[in-house]
$ cat work.cif   # mmCIF, C-alpha atoms
data_target
#
loop_
_atom_site.label_atom_id
_atom_site.label_comp_id
_atom_site.auth_asym_id
_atom_site.auth_seq_id
_atom_site.Cartn_x
_atom_site.Cartn_y
_atom_site.Cartn_z
CA MET P 53 -233.47 -181.35 -74.59
CA ILE P 54 -236.16 -178.77 -75.28
CA GLY P 55 -233.64 -176.94 -77.45
CA ASP P 56 -233.48 -179.86 -79.91
CA ASP P 57 -237.22 -179.95 -80.38
CA PRO P 58 -238.62 -176.84 -82.07
CA ASP P 59 -241.98 -177.47 -80.37
CA GLY P 60 -240.63 -178.36 -76.93
CA GLU P 61 -241.00 -175.00 -75.20
CA LEU P 62 -244.40 -174.42 -76.79
CA VAL P 63 -245.69 -177.78 -75.58
CA ARG P 64 -244.43 -177.03 -72.08
CA ARG P 65 -246.49 -173.82 -72.04
CA VAL P 66 -249.51 -175.64 -73.44
CA GLY P 67 -249.17 -178.07 -70.56
CA GLU P 68 -249.36 -175.13 -68.18
CA GLY P 69 -252.63 -174.04 -69.75
CA ASP P 70 -251.24 -171.00 -71.56
CA PRO P 71 -254.02 -170.01 -74.00
CA HIS P 72 -251.60 -168.20 -76.32
CA ALA P 73 -249.45 -171.30 -76.54
CA VAL P 74 -252.55 -173.33 -77.41
CA GLU P 75 -253.39 -171.00 -80.30
CA THR P 76 -249.80 -171.02 -81.51
CA LEU P 77 -249.59 -174.80 -81.48
CA VAL P 78 -252.86 -175.06 -83.38
CA ALA P 79 -251.63 -172.53 -85.95
CA ARG P 80 -248.44 -174.51 -86.32
CA LYS P 81 -249.90 -178.01 -86.59
CA LEU P 82 -253.55 -177.95 -87.65
CA GLN P 83 -253.02 -177.65 -91.41
CA ARG P 84 -250.17 -180.15 -91.40
CA MET P 85 -252.14 -182.77 -89.50
CA THR P 86 -255.33 -182.16 -91.48
CA ALA P 87 -253.40 -182.66 -94.71
CA LEU P 88 -251.88 -185.88 -93.39
CA ALA P 89 -255.24 -187.29 -92.34
CA GLN P 90 -257.05 -186.23 -95.51
CA ARG P 91 -254.45 -187.75 -97.79
CA LEU P 92 -254.36 -191.00 -95.84
CA LEU P 93 -258.13 -191.31 -95.53
CA GLY P 94 -259.27 -189.62 -98.74
CA ASP P 95 -262.18 -188.07 -96.85
CA ARG P 96 -262.30 -184.56 -95.41
CA THR P 97 -264.95 -185.24 -92.78
CA GLU P 98 -263.13 -188.24 -91.42
CA ALA P 99 -259.88 -186.31 -91.50
CA GLU P 100 -261.39 -183.56 -89.34
CA ASP P 101 -262.69 -186.16 -86.88
CA VAL P 102 -259.19 -187.59 -86.61
CA VAL P 103 -257.65 -184.16 -86.12
CA GLN P 104 -260.06 -183.30 -83.32
CA GLU P 105 -259.27 -186.59 -81.60
CA LEU P 106 -255.57 -185.98 -82.15
CA PHE P 107 -255.64 -182.61 -80.43
CA LEU P 108 -257.65 -183.96 -77.51
CA ARG P 109 -254.74 -186.33 -76.97
CA VAL P 110 -252.29 -183.48 -77.38
CA TRP P 111 -254.01 -181.49 -74.61
CA LYS P 112 -254.07 -184.55 -72.41
CA SER P 113 -250.38 -185.30 -72.94
CA ALA P 114 -248.93 -181.81 -72.96
CA ALA P 115 -248.76 -181.44 -69.17
CA SER P 116 -246.72 -184.61 -68.84
CA TRP P 117 -244.65 -184.23 -72.04
CA ARG P 118 -240.97 -184.62 -71.34
CA PRO P 119 -238.33 -183.79 -73.94
CA GLY P 120 -236.48 -186.88 -74.98
CA ALA P 121 -235.34 -188.70 -78.07
CA ALA P 122 -238.60 -188.20 -79.96
CA LYS P 123 -239.72 -184.80 -81.14
CA PHE P 124 -243.25 -183.67 -80.47
CA ASP P 125 -243.99 -183.50 -84.20
CA THR P 126 -242.93 -187.13 -84.51
CA TRP P 127 -245.24 -188.09 -81.65
CA MET P 128 -248.15 -186.21 -83.27
CA HIS P 129 -247.49 -188.01 -86.55
CA ARG P 130 -247.49 -191.36 -84.78
CA VAL P 131 -250.81 -190.68 -83.07
CA ALA P 132 -252.40 -189.30 -86.25
CA TYR P 133 -251.06 -192.17 -88.33
CA ASN P 134 -252.41 -194.76 -85.89
CA LEU P 135 -255.82 -193.04 -85.75
CA CYS P 136 -255.97 -193.08 -89.55
CA THR P 137 -254.85 -196.67 -89.98
CA ASP P 138 -257.40 -197.77 -87.37
CA ARG P 139 -260.13 -196.16 -89.45
CA LEU P 140 -258.79 -197.68 -92.66
CA ARG P 141 -258.73 -201.10 -91.02
CA LYS P 142 -262.35 -200.73 -89.95
CA ARG P 143 -263.30 -199.77 -93.50
CA ARG P 144 -261.85 -203.00 -94.81
CA GLU P 145 -263.79 -204.98 -92.20
CA VAL P 146 -267.08 -203.55 -93.42
CA ALA P 147 -268.54 -205.29 -96.46
CA LEU P 148 -268.77 -202.88 -99.37
CA PRO P 149 -272.14 -202.55 -101.11
CA GLU P 150 -272.39 -204.19 -104.52
CA THR P 151 -272.85 -200.84 -106.21
CA TRP P 152 -269.69 -199.34 -104.70
CA ASP P 153 -266.89 -198.69 -107.12
CA ALA P 154 -263.29 -197.79 -106.41
CA PRO P 155 -262.41 -194.17 -107.20
CA ASP P 156 -261.63 -193.88 -110.89
CA PRO P 157 -258.75 -191.47 -111.41
CA GLN P 158 -259.28 -189.53 -114.56
CA PRO P 159 -256.33 -189.19 -116.88
CA LEU P 160 -254.55 -185.86 -117.13
CA ALA P 161 -254.28 -186.05 -120.91
CA ASP P 162 -256.28 -182.86 -121.36
CA ALA P 163 -253.90 -179.91 -121.00
CA GLY P 164 -256.81 -177.58 -120.50
CA ILE P 165 -257.85 -178.83 -117.08
CA THR P 166 -257.75 -176.41 -114.19
CA ALA P 167 -255.45 -176.63 -111.20
CA GLU P 168 -258.40 -177.68 -109.08
CA GLN P 169 -259.33 -180.45 -111.49
CA GLN P 170 -255.76 -181.61 -111.57
CA SER P 171 -255.61 -181.62 -107.76
CA ASP P 172 -258.83 -183.63 -107.61
CA ALA P 173 -257.50 -186.13 -110.15
CA VAL P 174 -254.29 -186.64 -108.20
CA GLY P 175 -256.32 -186.99 -105.01
CA ARG P 176 -258.39 -189.74 -106.58
CA ALA P 177 -255.27 -191.44 -107.87
CA LEU P 178 -253.72 -191.32 -104.40
CA ALA P 179 -256.87 -192.80 -102.92
CA SER P 180 -256.77 -195.65 -105.43
CA LEU P 181 -253.23 -196.70 -104.56
CA ALA P 182 -252.49 -199.71 -102.40
CA PRO P 183 -252.74 -198.39 -98.82
CA ARG P 184 -249.09 -198.96 -97.90
CA GLN P 185 -247.89 -197.25 -101.08
CA ARG P 186 -250.13 -194.29 -100.32
CA GLU P 187 -248.88 -194.13 -96.72
CA ALA P 188 -245.27 -194.16 -97.87
CA ILE P 189 -245.84 -191.33 -100.34
CA VAL P 190 -247.87 -189.23 -97.91
CA LEU P 191 -245.35 -189.54 -95.09
CA THR P 192 -242.21 -188.88 -97.17
CA TYR P 193 -243.31 -186.61 -100.00
CA TYR P 194 -246.13 -184.59 -98.42
CA GLN P 195 -245.23 -184.65 -94.74
CA GLU P 196 -241.50 -184.55 -95.61
CA LEU P 197 -240.55 -186.91 -92.83
CA PRO P 198 -237.01 -188.27 -93.02
CA ASN P 199 -236.99 -191.76 -94.50
CA ARG P 200 -236.01 -193.44 -91.22
CA GLU P 201 -238.84 -191.71 -89.39
CA ALA P 202 -241.41 -192.62 -92.04
CA ALA P 203 -240.21 -196.21 -92.08
CA ALA P 204 -240.36 -196.44 -88.30
CA LEU P 205 -243.93 -195.12 -88.27
CA MET P 206 -244.91 -197.79 -90.80
CA GLY P 207 -243.04 -200.49 -88.93
CA ILE P 208 -240.76 -201.32 -91.84
CA GLY P 209 -237.15 -200.83 -92.88
CA VAL P 210 -235.89 -198.08 -95.17
CA ASP P 211 -235.40 -200.56 -98.04
CA ALA P 212 -239.03 -201.61 -97.83
CA LEU P 213 -240.09 -197.96 -97.64
CA GLU P 214 -238.14 -197.14 -100.81
CA SER P 215 -239.70 -200.08 -102.60
CA LEU P 216 -243.19 -198.87 -101.65
CA LEU P 217 -242.32 -195.34 -102.75
CA ALA P 218 -241.02 -196.42 -106.13
CA ARG P 219 -244.01 -198.67 -106.83
CA GLY P 220 -246.47 -196.12 -105.55
CA ARG P 221 -245.03 -193.34 -107.68
CA ARG P 222 -245.10 -195.51 -110.80
CA ALA P 223 -248.67 -196.62 -110.09
CA LEU P 224 -249.76 -193.04 -109.54
CA ARG P 225 -248.38 -191.94 -112.88
CA ALA P 226 -249.86 -194.94 -114.65
CA ARG P 227 -253.31 -194.20 -113.28
CA LEU P 228 -253.14 -190.56 -114.27
CA GLU P 229 -251.53 -190.84 -117.68
CA GLU P 230 -253.37 -193.80 -119.12
CA GLY P 231 -256.09 -192.82 -121.54
CA ASP P 232 -259.62 -194.25 -121.77
CA GLU P 233 -259.53 -197.69 -123.29
CA MET Z 85 -218.44 -192.44 -96.50
CA SER Z 86 -217.46 -192.77 -100.17
CA ASP Z 87 -218.50 -189.98 -102.50
CA GLU Z 88 -219.06 -192.45 -105.28
CA MET Z 89 -222.58 -193.60 -106.01
CA ASP Z 90 -223.23 -196.44 -108.41
CA PRO Z 91 -225.83 -196.09 -111.18
CA GLN Z 92 -228.17 -198.70 -109.68
CA ARG Z 93 -228.33 -196.90 -106.37
CA PHE Z 94 -228.87 -193.54 -108.07
CA GLU Z 95 -231.73 -194.96 -110.11
CA ALA Z 96 -233.34 -196.51 -107.02
CA LEU Z 97 -232.91 -193.27 -105.08
CA ILE Z 98 -234.59 -191.18 -107.75
CA ALA Z 99 -237.37 -193.73 -108.23
CA ALA Z 100 -238.20 -193.54 -104.52
CA TYR Z 101 -237.61 -189.91 -103.61
CA GLY Z 102 -237.98 -188.04 -106.89
CA ALA Z 103 -235.88 -185.43 -108.65
CA THR Z 104 -235.42 -182.82 -105.92
CA PRO Z 105 -232.10 -183.16 -104.06
CA ALA Z 106 -233.59 -181.65 -100.90
CA ARG Z 107 -235.82 -184.72 -100.68
CA TRP Z 108 -232.97 -187.23 -100.98
CA PRO Z 109 -231.70 -188.91 -97.80
CA GLU Z 110 -229.26 -186.53 -96.18
CA GLU Z 111 -226.45 -189.05 -95.90
CA GLU Z 112 -226.56 -189.81 -99.64
CA ARG Z 113 -227.31 -186.37 -101.00
CA ALA Z 114 -223.78 -185.24 -101.77
CA ALA Z 115 -222.92 -188.48 -103.56
CA ALA Z 116 -226.14 -188.39 -105.56
CA GLU Z 117 -225.57 -184.79 -106.58
CA ALA Z 118 -222.04 -185.63 -107.69
CA PHE Z 119 -223.36 -188.55 -109.74
CA ALA Z 120 -226.00 -186.34 -111.33
CA ARG Z 121 -223.34 -183.83 -112.40
CA ARG Z 122 -220.99 -186.31 -114.01
CA ASP Z 123 -223.13 -189.14 -115.40
CA PRO Z 124 -224.99 -188.61 -118.70
CA ARG Z 125 -227.69 -191.11 -117.72
CA ALA Z 126 -228.77 -188.98 -114.78
CA ALA Z 127 -230.55 -186.30 -116.79
CA SER Z 128 -233.17 -188.62 -118.27
CA LEU Z 129 -233.76 -190.31 -114.92
CA LEU Z 130 -234.25 -186.94 -113.24
CA ALA Z 131 -236.59 -185.72 -115.97
CA ASP Z 132 -238.68 -188.86 -115.65
CA ALA Z 133 -238.91 -188.50 -111.87
CA ASP Z 134 -239.74 -184.84 -112.21
CA THR Z 135 -242.96 -185.60 -114.10
CA ILE Z 136 -244.17 -187.64 -111.13
CA ASP Z 137 -243.06 -184.94 -108.70
CA ALA Z 138 -245.15 -182.44 -110.65
CA LEU Z 139 -248.20 -184.68 -110.35
CA LEU Z 140 -247.75 -185.06 -106.60
CA PHE Z 141 -247.15 -181.35 -106.21
CA ALA Z 142 -250.47 -180.62 -107.93
CA HIS Z 143 -252.50 -182.09 -105.10
CA ARG Z 144 -253.73 -179.48 -102.63
CA VAL Z 145 -255.54 -179.85 -99.34
CA ALA Z 146 -257.87 -177.02 -98.31
CA GLU Z 147 -256.98 -174.97 -95.25
CA PRO Z 148 -258.79 -176.01 -92.07
CA SER Z 149 -262.04 -174.12 -91.57
CA ARG Z 150 -262.43 -171.50 -88.86
CA THR Z 151 -265.00 -173.75 -87.25
CA LEU Z 152 -262.55 -176.62 -86.96
CA ARG Z 153 -259.86 -174.32 -85.65
CA ALA Z 154 -262.21 -172.88 -83.05
CA MET Z 155 -263.39 -176.31 -81.95
CA VAL Z 156 -259.84 -177.55 -81.53
CA ILE Z 157 -258.83 -174.49 -79.50
CA GLU Z 158 -261.99 -174.68 -77.42
CA SER Z 159 -261.23 -178.29 -76.53
CA ALA Z 160 -258.00 -177.30 -74.80
CA PRO Z 161 -258.11 -177.10 -70.99
CA ARG Z 162 -257.64 -173.61 -69.60
CA ARG Z 163 -255.64 -172.61 -66.60
CA ARG Z 164 -257.35 -170.38 -64.02
CA THR Z 165 -256.63 -166.68 -64.57
CA ILE Z 166 -255.11 -164.62 -61.79
CA GLY Z 167 -258.44 -162.76 -61.29
CA ARG Z 168 -260.36 -165.97 -60.93
CA ARG Z 169 -257.77 -167.34 -58.52
CA LEU Z 170 -258.05 -164.23 -56.36
CA ARG Z 171 -261.87 -164.44 -56.30
CA LEU Z 172 -261.73 -168.08 -55.27
CA TRP Z 173 -259.14 -167.31 -52.59
CA TRP Z 174 -261.14 -164.34 -51.23
CA SER Z 175 -264.36 -166.35 -51.19
CA SER Z 176 -262.72 -169.12 -49.19
CA ILE Z 177 -261.29 -166.59 -46.70
CA LEU Z 178 -264.69 -164.95 -46.17
CA PHE Z 179 -266.37 -168.27 -45.70
CA ALA Z 180 -263.79 -169.29 -43.10
CA LEU Z 181 -264.18 -165.99 -41.22
CA VAL Z 182 -267.96 -166.19 -41.11
CA ALA Z 183 -267.89 -169.79 -40.01
CA GLY Z 184 -265.32 -168.96 -37.37
CA ALA Z 185 -267.26 -165.97 -36.05
CA GLY Z 186 -270.40 -168.03 -35.70
CA ALA Z 187 -268.60 -170.78 -33.83
CA LEU Z 188 -266.82 -168.43 -31.40
CA ALA Z 189 -269.69 -166.05 -30.62
CA GLY Z 190 -272.37 -168.70 -30.31
CA SER Z 191 -276.09 -167.96 -30.25
CA ALA Z 192 -275.70 -164.41 -28.85
CA ALA Z 193 -273.84 -163.33 -31.92
CA THR Z 194 -276.42 -165.00 -34.08
CA ALA Z 195 -279.21 -163.06 -32.34
CA ALA Z 196 -277.27 -159.82 -32.61
CA LEU Z 197 -276.85 -160.37 -36.27
CA ALA Z 198 -280.55 -160.86 -36.86
CA PRO Z 199 -281.96 -158.55 -39.53
CA ALA Z 200 -284.18 -156.66 -37.06
CA ALA Z 201 -281.24 -155.86 -34.83
CA LEU Z 202 -279.30 -154.52 -37.80
CA ASN Z 203 -282.29 -152.58 -39.06
CA VAL Z 204 -281.90 -154.34 -42.41
CA GLN Z 205 -284.88 -155.03 -44.54
CA LEU Z 206 -284.78 -158.35 -46.39
CA TYR Z 207 -286.48 -158.40 -49.74
CA SER Z 208 -288.13 -161.35 -51.36
CA HIS Z 209 -286.72 -162.67 -54.60
CA ASP Z 210 -289.55 -161.12 -56.65
CA GLU Z 211 -289.14 -157.81 -54.89
CA VAL Z 212 -285.47 -157.72 -55.78
CA LEU Z 213 -286.16 -158.47 -59.44
CA ASN Z 214 -288.67 -155.61 -59.67
CA TYR Z 215 -286.64 -153.17 -57.62
CA ASP Z 216 -286.01 -150.72 -60.42
CA ASP Z 217 -289.49 -150.93 -61.95
CA ALA Z 218 -292.11 -148.30 -61.44
CA PRO Z 219 -294.82 -149.44 -59.00
CA GLU Z 220 -297.44 -149.61 -61.72
CA GLU Z 221 -295.15 -151.98 -63.72
CA VAL Z 222 -294.69 -154.24 -60.72
CA ALA Z 223 -298.44 -154.44 -60.20
CA LYS Z 224 -299.00 -155.92 -63.70
#

$ encode --input "work.cif" --output "structure tokens"
Amino acid sequence: MIGDDPDGELVRRVGEGDPHAVETLVARKLQRMTALAQRLLGDRTEAEDVVQELFLRVWKSAASWRPGAAKFDTWMHRVAYNLCTDRLRKRREVALPETWDAPDPQPLADAGITAEQQSDAVGRALASLAPRQREAIVLTYYQELPNREAAALMGIGVDALESLLARGRRALRARLEEGDE
Amino acid sequence: MSDEMDPQRFEALIAAYGATPARWPEEERAAAEAFARRDPRAASLLADADTIDALLFAHRVAEPSRTLRAMVIESAPRRRTIGRRLRLWWSSILFALVAGAGALAGSAATAALAPAALNVQLYSHDEVLNYDDAPEEVAK
């Protein structure tokens, strides 16, 4: 029922070509989807490419969107997630140059670092995690998806999701708190 | 569902979801909160998880640029406005009337409608463009 989906009525109006509904949907979703893509991909430019492709699919689907079991936000997450994982898969298929080095997260031992530096350090640490750990953390912590929804997106059970979360969180802290050796 | 949560489950829950109850699975939240209140081991587990939560919280993603926002909005299909619909409708009506008049009246109507008969002067394209210009400007 449209009433169970907070975006249902808005998507219906988008499907009818209502320009105000288009702007409202963009205001509601653009930041959220950009954040998802950037954290999964670790690259702003690629994230913006994904978001543009995502919304093209939104416009295409809005006219035929029918309220059902899945919420529109869940559908957007599924499309965005698949677009991102496709790009990540293609990255792994391309041979990395010999001079390429994995992002080196700097430790947060220095209490004097700025908020921006801290954000950058955490971003690098996230990017250095095993992909599935990063996906689990991004979907549950940052996107705040319920655990069943996040697990379903990743094609795993809740137990496996929790294992990825626990390992990912520990790995993140280890990368950030270890000093130079 | 039992309100009792065992220590192993609480530890696993915190390790996965962190220290904030709002982030715990809804169906286990009450039991986890009860455990946290009564069990002395909970405090250290929560403090440990909170340090990781703080690290995650520190990561910020910049707001989308105006350019990106504009491009996304621009990519949306637009429905025809009422004004545009009326113009299209009126244009199609006129076209049908003219076509119909020509078919019914035949060549006589066509001759009667000739510019000379209507005392209408037809201007060339260049003449129309220079209509408002002074003669000396047109001559340049």

$ closest_atom_pairs --input "work.cif" --of "range 179-230 of chain P" --to "range 137-152 of chain Z" --cutoff "9 Å" --atoms "all atoms listed in the file" --output "tab-separated table"
residue	atom	partner	partner_atom	distance
P:Tyr193	CA	Z:Leu140	CA	8.1
P:Tyr194	CA	Z:Leu140	CA	8.4
P:Arg221	CA	Z:Asp137	CA	8.7
P:Leu224	CA	Z:Leu139	CA	8.5
P:Arg225	CA	Z:Leu139	CA	7.7
P:Leu228	CA	Z:Leu139	CA	8.6

$ resolve_selection --input "work.cif" --expression "the PyMOL selection byres ((chain Z and resi 98-109) around 7)" --output "PyMOL selection string"
(chain P and resi 199+214-215+217-218) or (chain Z and resi 94-97+110-113+130+133-134+137)

$ atom_distance --input "work.cif" --atom1 "CA of Val174 in chain P" --atom2 "CA of Val190 in chain P"
12.4 Å

$ atom_distance --input "work.cif" --atom1 "CA of Leu108 in chain P" --atom2 "CA of Arg96 in chain P"
18.5 Å

$ resolve_selection --input "work.cif" --expression "the PyMOL selection byres ((chain P and resi 139-142) around 10)" --output "ChimeraX atom specification"
/P:92-93,98,102,133-138,143-146,183

$ atom_distance --input "work.cif" --atom1 "CA of Ala160 in chain Z" --atom2 "CA of Trp111 in chain P"
5.8 Å

$ closest_residue --input "work.cif" --among "Z:Arg125, Z:Met89, Z:Glu158, Z:Phe119" --to "chain P" --atoms "all atoms listed in the file"
Z:Glu158

$ resolve_selection --input "work.cif" --expression "the PyMOL selection byres ((chain P and resi 99) around 9)" --output "ChimeraX atom specification"
/P:85-98,100-104,136

$ write_last_selection --input "work.cif" --atoms "C-alpha atoms" --output "PDB file, in the frame of the given file"
ATOM      1  CA  MET P  85    -252.140-182.770 -89.500  1.00  0.00           C
ATOM      2  CA  THR P  86    -255.330-182.160 -91.480  1.00  0.00           C
ATOM      3  CA  ALA P  87    -253.400-182.660 -94.710  1.00  0.00           C
ATOM      4  CA  LEU P  88    -251.880-185.880 -93.390  1.00  0.00           C
ATOM      5  CA  ALA P  89    -255.240-187.290 -92.340  1.00  0.00           C
ATOM      6  CA  GLN P  90    -257.050-186.230 -95.510  1.00  0.00           C
ATOM      7  CA  ARG P  91    -254.450-187.750 -97.790  1.00  0.00           C
ATOM      8  CA  LEU P  92    -254.360-191.000 -95.840  1.00  0.00           C
ATOM      9  CA  LEU P  93    -258.130-191.310 -95.530  1.00  0.00           C
ATOM     10  CA  GLY P  94    -259.270-189.620 -98.740  1.00  0.00           C
ATOM     11  CA  ASP P  95    -262.180-188.070 -96.850  1.00  0.00           C
ATOM     12  CA  ARG P  96    -262.300-184.560 -95.410  1.00  0.00           C
ATOM     13  CA  THR P  97    -264.950-185.240 -92.780  1.00  0.00           C
ATOM     14  CA  GLU P  98    -263.130-188.240 -91.420  1.00  0.00           C
ATOM     15  CA  GLU P 100    -261.390-183.560 -89.340  1.00  0.00           C
ATOM     16  CA  ASP P 101    -262.690-186.160 -86.880  1.00  0.00           C
ATOM     17  CA  VAL P 102    -259.190-187.590 -86.610  1.00  0.00           C
ATOM     18  CA  VAL P 103    -257.650-184.160 -86.120  1.00  0.00           C
ATOM     19  CA  GLN P 104    -260.060-183.300 -83.320  1.00  0.00           C
ATOM     20  CA  CYS P 136    -255.970-193.080 -89.550  1.00  0.00           C
TER      21      CYS P 136
END

$ closest_residue --input "work.cif" --among "Z:Ala118, Z:Val156, Z:Ala131, Z:Ala126" --to "chain P" --atoms "all atoms listed in the file"
Z:Val156

$ residues_around --input "work.cif" --residues "Gly220 in chain P" --least-positions-apart "5" --cutoff "7 Å" --atoms "only C-alpha atoms" --output "list in words"
Leu181, Gln185 and Arg186 of chain P

$ closest_residue --input "work.cif" --among "Z:Arg162, Z:Arg122, Z:Arg93, Z:Arg153" --to "Leu82 in chain P" --atoms "all atoms listed in the file"
Z:Arg153

$ residues_near_point --input "work.cif" --point "(-246.0, -174.4, -71.7)" --cutoff "12 Å" --atoms "only C-alpha atoms" --output "list of chain:residue names"
P:Ile54, P:Asp59, P:Gly60, P:Glu61, P:Leu62, P:Val63, P:Arg64, P:Arg65, P:Val66, P:Gly67, P:Glu68, P:Gly69, P:Asp70, P:Pro71, P:His72, P:Ala73, P:Val74, P:Glu75, P:Thr76, P:Leu77, P:Trp111, P:Ser113, P:Ala114, P:Ala115, P:Ser116, P:Trp117, P:Arg118, Z:Arg162, Z:Arg163

$ closest_residue --input "work.cif" --among "Z:Ala120, Z:Ala127, Z:Ala154, Z:Ala114" --to "chain P" --atoms "only C-alpha atoms"
Z:Ala154
